[in-house]
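K.L.:
I'm passing along coords-v2.csv; it holds CSV, C-alpha atoms.
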```csv
chain,number,residue,atom,x,y,z
U,1,MET,CA,40.2,-8.8,-39.9
U,2,ASP,CA,37.7,-7.9,-37.2
U,3,ASN,CA,35.0,-5.2,-37.4
U,4,ILE,CA,36.9,-2.7,-35.2
U,5,ALA,CA,40.0,-2.9,-37.4
U,6,GLU,CA,37.9,-2.6,-40.6
U,7,GLU,CA,36.0,0.4,-39.2
U,8,LEU,CA,39.4,2.1,-38.3
U,9,ARG,CA,40.7,1.3,-41.8
U,10,GLN,CA,37.7,3.1,-43.3
U,11,ARG,CA,37.9,6.0,-40.8
U,12,THR,CA,41.6,6.6,-41.6
U,13,PHE,CA,40.8,6.4,-45.3
U,14,ARG,CA,38.0,9.0,-44.9
U,15,TYR,CA,40.4,11.2,-42.9
U,16,ALA,CA,42.9,11.1,-45.7
U,17,LEU,CA,40.2,12.1,-48.2
U,18,ARG,CA,39.2,15.0,-46.0
U,19,VAL,CA,42.8,16.1,-45.6
U,20,ILE,CA,43.2,16.1,-49.4
U,21,ALA,CA,40.1,18.2,-49.9
U,22,PHE,CA,41.2,20.5,-47.1
U,23,CYS,CA,44.7,21.0,-48.6
U,24,ARG,CA,43.2,21.9,-51.9
U,25,LYS,CA,41.5,24.9,-50.3
U,26,LEU,CA,44.6,26.3,-48.4
U,27,THR,CA,45.9,29.6,-49.6
U,28,ASP,CA,48.2,29.7,-52.5
U,29,THR,CA,51.0,31.4,-50.6
U,30,TRP,CA,54.5,30.0,-49.8
U,31,GLU,CA,53.5,28.9,-46.3
U,32,GLY,CA,50.1,27.7,-47.5
U,33,ARG,CA,51.7,25.4,-50.1
U,34,GLU,CA,54.3,24.1,-47.6
U,35,ILE,CA,51.7,23.4,-44.9
U,36,ALA,CA,49.5,21.7,-47.5
U,37,ARG,CA,52.4,19.5,-48.7
U,38,GLN,CA,53.3,18.5,-45.1
U,39,LEU,CA,49.7,18.0,-44.0
U,40,LEU,CA,48.9,16.0,-47.1
U,41,ARG,CA,51.9,13.6,-46.5
U,42,ALA,CA,51.0,13.1,-42.8
U,43,GLY,CA,47.2,12.7,-43.4
U,44,MET,CA,47.7,10.2,-46.1
U,45,GLY,CA,50.5,8.5,-44.2
U,46,THR,CA,48.1,7.9,-41.3
U,47,ALA,CA,45.8,5.8,-43.5
U,48,SER,CA,48.5,4.1,-45.6
U,49,ASN,CA,50.5,3.0,-42.5
U,50,TYR,CA,47.4,1.8,-40.7
U,51,TRP,CA,46.4,-0.2,-43.7
U,52,SER,CA,50.0,-1.6,-43.9
U,53,ALA,CA,49.8,-2.5,-40.2
U,54,CYS,CA,46.7,-4.5,-40.9
U,55,ARG,CA,48.5,-6.5,-43.5
U,56,GLY,CA,51.5,-7.1,-41.2
U,57,ARG,CA,53.3,-10.4,-41.6
U,58,SER,CA,54.2,-10.6,-37.9
U,59,GLY,CA,53.2,-9.1,-34.6
U,60,ALA,CA,56.4,-7.0,-34.5
U,61,GLU,CA,55.6,-5.6,-37.9
U,62,PHE,CA,52.1,-4.8,-36.9
U,63,VAL,CA,53.3,-2.9,-33.8
U,64,ALA,CA,55.9,-1.0,-35.8
U,65,ARG,CA,53.5,0.1,-38.5
U,66,LEU,CA,50.9,1.0,-36.0
U,67,GLY,CA,53.4,3.2,-34.3
U,68,VAL,CA,54.2,4.9,-37.6
U,69,ALA,CA,50.5,5.5,-38.3
U,70,GLU,CA,50.2,7.0,-34.8
U,71,ASP,CA,53.2,9.3,-35.5
U,72,GLU,CA,51.7,10.4,-38.8
U,73,ALA,CA,48.3,11.2,-37.2
U,74,ALA,CA,50.0,13.2,-34.5
U,75,GLU,CA,52.0,15.1,-37.1
U,76,SER,CA,48.8,15.9,-39.1
U,77,VAL,CA,47.3,17.3,-35.9
U,78,MET,CA,50.3,19.6,-35.4
U,79,TRP,CA,49.9,20.9,-39.0
U,80,LEU,CA,46.2,21.5,-38.5
U,81,MET,CA,46.9,23.3,-35.2
U,82,LEU,CA,49.4,25.5,-37.1
U,83,VAL,CA,46.8,26.3,-39.7
U,84,LEU,CA,44.3,27.4,-37.0
U,85,GLU,CA,46.7,29.2,-34.8
U,86,SER,CA,48.4,31.1,-37.6
U,87,GLY,CA,45.0,32.3,-38.9
U,88,ILE,CA,45.5,30.7,-42.3
U,89,ARG,CA,42.0,29.1,-41.7
U,90,LYS,CA,39.8,29.2,-38.7
U,91,ASP,CA,36.6,27.8,-40.1
U,92,LYS,CA,34.5,24.9,-38.9
U,93,GLU,CA,36.0,22.5,-41.5
U,94,ALA,CA,39.5,23.1,-40.0
U,95,LYS,CA,38.3,22.7,-36.5
U,96,ASP,CA,36.3,19.5,-37.3
U,97,LEU,CA,39.3,18.0,-39.1
U,98,LEU,CA,41.6,18.8,-36.2
U,99,ALA,CA,39.1,17.1,-33.8
U,100,GLU,CA,39.0,14.0,-36.1
U,101,GLY,CA,42.8,14.0,-36.2
U,102,ARG,CA,43.0,14.1,-32.4
U,103,GLU,CA,40.5,11.2,-32.1
U,104,ILE,CA,42.4,9.1,-34.6
U,105,THR,CA,45.7,9.8,-32.9
U,106,ALA,CA,44.2,8.8,-29.5
U,107,ILE,CA,42.8,5.6,-30.9
U,108,LEU,CA,46.0,4.6,-32.7
U,109,SER,CA,48.0,5.5,-29.5
U,110,LYS,CA,45.9,3.2,-27.4
U,111,SER,CA,45.9,0.5,-30.0
U,112,CYS,CA,49.7,0.6,-30.2
U,113,LYS,CA,50.1,0.5,-26.5
U,114,THR,CA,47.7,-2.5,-26.3
U,115,ALA,CA,49.4,-4.3,-29.1
U,116,ARG,CA,52.8,-3.9,-27.4
U,117,GLU,CA,51.4,-5.1,-24.1
U,118,ASN,CA,49.8,-8.1,-25.8
U,119,ARG,CA,53.1,-9.0,-27.6
U,120,ARG,CA,55.0,-8.7,-24.3
U,121,ARG,CA,52.5,-10.9,-22.5
U,122,LYS,CA,52.6,-13.5,-25.2
U,123,LYS,CA,56.4,-13.5,-25.2
U,124,ASN,CA,56.4,-13.9,-21.4
U,125,GLN,CA,54.0,-16.8,-21.6
U,126,LYS,CA,56.2,-18.6,-24.1
U,127,LYS,CA,59.2,-18.1,-21.8
U,128,LEU,CA,57.2,-19.5,-18.9
U,129,GLN,CA,56.1,-22.5,-20.9
U,130,LEU,CA,59.7,-23.2,-21.9
U,131,THR,CA,60.9,-23.0,-18.3
U,132,ASN,CA,58.2,-25.4,-17.1
U,133,LEU,CA,59.1,-28.2,-19.6
U,134,PRO,CA,60.1,-31.5,-18.0
U,135,THR,CA,63.8,-32.2,-18.2
U,136,ASN,CA,65.6,-35.4,-19.1
U,137,LYS,CA,67.6,-35.4,-15.9
U,138,PRO,CA,67.0,-38.5,-13.8
U,139,THR,CA,65.7,-37.8,-10.3
U,140,ASN,CA,67.5,-39.2,-7.3
U,141,SER,CA,64.9,-41.9,-6.7
U,142,TYR,CA,65.1,-43.1,-10.3
U,143,SER,CA,68.9,-43.1,-10.5
U,144,LYS,CA,69.2,-45.1,-7.2
U,145,SER,CA,66.9,-47.9,-8.4
U,146,ILE,CA,69.2,-48.7,-11.4
```
Using structure tokens, write down the structure that the file contains.

P.N.:
Amino acid sequence: MDNIAEELRQRTFRYALRVIAFCRKLTDTWEGREIARQLLRAGMGTASNYWSACRGRSGAEFVARLGVAEDEAAESVMWLMLVLESGIRKDKEAKDLLAEGREITAILSKSCKTARENRRRKKNQKKLQLTNLPTNKPTNSYSKSI
């Protein structure tokens, strides 16, 4: 695994840890508990799905898991926005966590797009190689000489 992938693994892991700590501090109301539950799942899902993508057995599995990690990050951003906009919390920690969630979502989104494009390009190159293979058909000059 390259350094960039390892850095993102660690960053998503730290994000999940921050989400856990943040959820523990949400209000003990019906909506606070429900938001905490959903945010917790999305925040931890971001890290777990990215880690799973890094262990992917194929290019297709990597792209699929990366897409799920991106979706989870985007969902966690939505829950954090809801926390801020509803007034449940409007402190610096909430705003910083939202900013980090947005950055991770953007990184995963771009990574997923790049991975899809790379797979498509690789697939097209293989097709091109297959169509450029020599055939076993005799040419006119060869068949006339026999």

K.L.:
Please list as number ranges by chain every residue within 9 Å of Val83 of chain U, counting all atoms listed in the file and excluding residues in the same chain fewer than 4 positions away.

P.N.:
U: 26, 32, 35, 78-79, 87-90, 94

K.L.:
In Å, how far is it from atom CA of Cys23 of chain U to atom CA of Ala74 of chain U?

P.N.:
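Interatomic distance here is 17.0 Å.
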
K.L.:
Considering only C-alpha atoms, state which residue in the set U:Arg37, U:Thr12, U:Glu72, U:Gln129 is at the smallest distance from Arg24 of chain U.

P.N.:
U:Arg37

K.L.:
Please measure the separation of atom CA of Lys110 of chain U and atom CA of Arg14 of chain U, giving the value in Å to one decimal.

P.N.:
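Separation of atom CA of Lys110 of chain U and atom CA of Arg14 of chain U: 20.1 Å.
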
K.L.:
Restricting the calculation to only C-alpha atoms, which member of U:Ala16, U:Ala47, U:Leu128, U:Leu40 is positioned closest to Leu66 of chain U?

P.N.:
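Checking each of U:Ala16, U:Ala47, U:Leu128, U:Leu40 against Leu66 of chain U, counting only C-alpha atoms, the winner is U:Ala47.
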
K.L.:
With distances taken over all atoms listed in the file, which of U:Gly59, U:Arg33, U:Ile107, U:Arg65 is nearest to Lys123 of chain U?

P.N.:
U:Gly59

K.L.:
Go through U:Leu80, U:Ala69, U:Ala60, U:Ala106 one by one, measure the shortest atom-to-atom distance of each to Arg119 of chain U using all atoms listed in the file, and give the residue with the smallest value.

P.N.:
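Under the stated criterion, the closest residue is U:Ala60.
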
K.L.:
Assuming the input is short of atoms at segment 72-84 of chain U, produce N, CA and C atoms for that part as a PDB file, in the frame of the given file.

P.N.:
```
ATOM      1  N   GLU U  72      52.224   9.650 -37.716  1.00  0.00           N
ATOM      2  CA  GLU U  72      51.700  10.400 -38.800  1.00  0.00           C
ATOM      3  C   GLU U  72      50.436  11.184 -38.445  1.00  0.00           C
ATOM      4  N   ALA U  73      49.566  10.517 -37.693  1.00  0.00           N
ATOM      5  CA  ALA U  73      48.300  11.200 -37.200  1.00  0.00           C
ATOM      6  C   ALA U  73      48.669  12.359 -36.327  1.00  0.00           C
ATOM      7  N   ALA U  74      49.615  12.151 -35.410  1.00  0.00           N
ATOM      8  CA  ALA U  74      50.000  13.200 -34.500  1.00  0.00           C
ATOM      9  C   ALA U  74      50.637  14.392 -35.286  1.00  0.00           C
ATOM     10  N   GLU U  75      51.411  14.074 -36.309  1.00  0.00           N
ATOM     11  CA  GLU U  75      52.000  15.100 -37.100  1.00  0.00           C
ATOM     12  C   GLU U  75      50.919  15.914 -37.878  1.00  0.00           C
ATOM     13  N   SER U  76      49.920  15.213 -38.389  1.00  0.00           N
ATOM     14  CA  SER U  76      48.800  15.900 -39.100  1.00  0.00           C
ATOM     15  C   SER U  76      48.094  16.843 -38.146  1.00  0.00           C
ATOM     16  N   VAL U  77      47.938  16.415 -36.888  1.00  0.00           N
ATOM     17  CA  VAL U  77      47.300  17.300 -35.900  1.00  0.00           C
ATOM     18  C   VAL U  77      48.120  18.533 -35.680  1.00  0.00           C
ATOM     19  N   MET U  78      49.434  18.385 -35.603  1.00  0.00           N
ATOM     20  CA  MET U  78      50.300  19.600 -35.400  1.00  0.00           C
ATOM     21  C   MET U  78      50.125  20.545 -36.575  1.00  0.00           C
ATOM     22  N   TRP U  79      50.095  20.041 -37.818  1.00  0.00           N
ATOM     23  CA  TRP U  79      49.900  20.900 -39.000  1.00  0.00           C
ATOM     24  C   TRP U  79      48.565  21.608 -38.960  1.00  0.00           C
ATOM     25  N   LEU U  80      47.536  20.890 -38.565  1.00  0.00           N
ATOM     26  CA  LEU U  80      46.200  21.500 -38.500  1.00  0.00           C
ATOM     27  C   LEU U  80      46.151  22.563 -37.397  1.00  0.00           C
ATOM     28  N   MET U  81      46.808  22.308 -36.273  1.00  0.00           N
ATOM     29  CA  MET U  81      46.900  23.300 -35.200  1.00  0.00           C
ATOM     30  C   MET U  81      47.602  24.563 -35.728  1.00  0.00           C
ATOM     31  N   LEU U  82      48.643  24.362 -36.510  1.00  0.00           N
ATOM     32  CA  LEU U  82      49.400  25.500 -37.100  1.00  0.00           C
ATOM     33  C   LEU U  82      48.515  26.293 -38.029  1.00  0.00           C
ATOM     34  N   VAL U  83      47.716  25.614 -38.819  1.00  0.00           N
ATOM     35  CA  VAL U  83      46.800  26.300 -39.700  1.00  0.00           C
ATOM     36  C   VAL U  83      45.831  27.182 -38.932  1.00  0.00           C
ATOM     37  N   LEU U  84      45.271  26.625 -37.869  1.00  0.00           N
ATOM     38  CA  LEU U  84      44.300  27.400 -37.000  1.00  0.00           C
ATOM     39  C   LEU U  84      44.973  28.514 -36.283  1.00  0.00           C
TER      40      LEU U  84
END
```
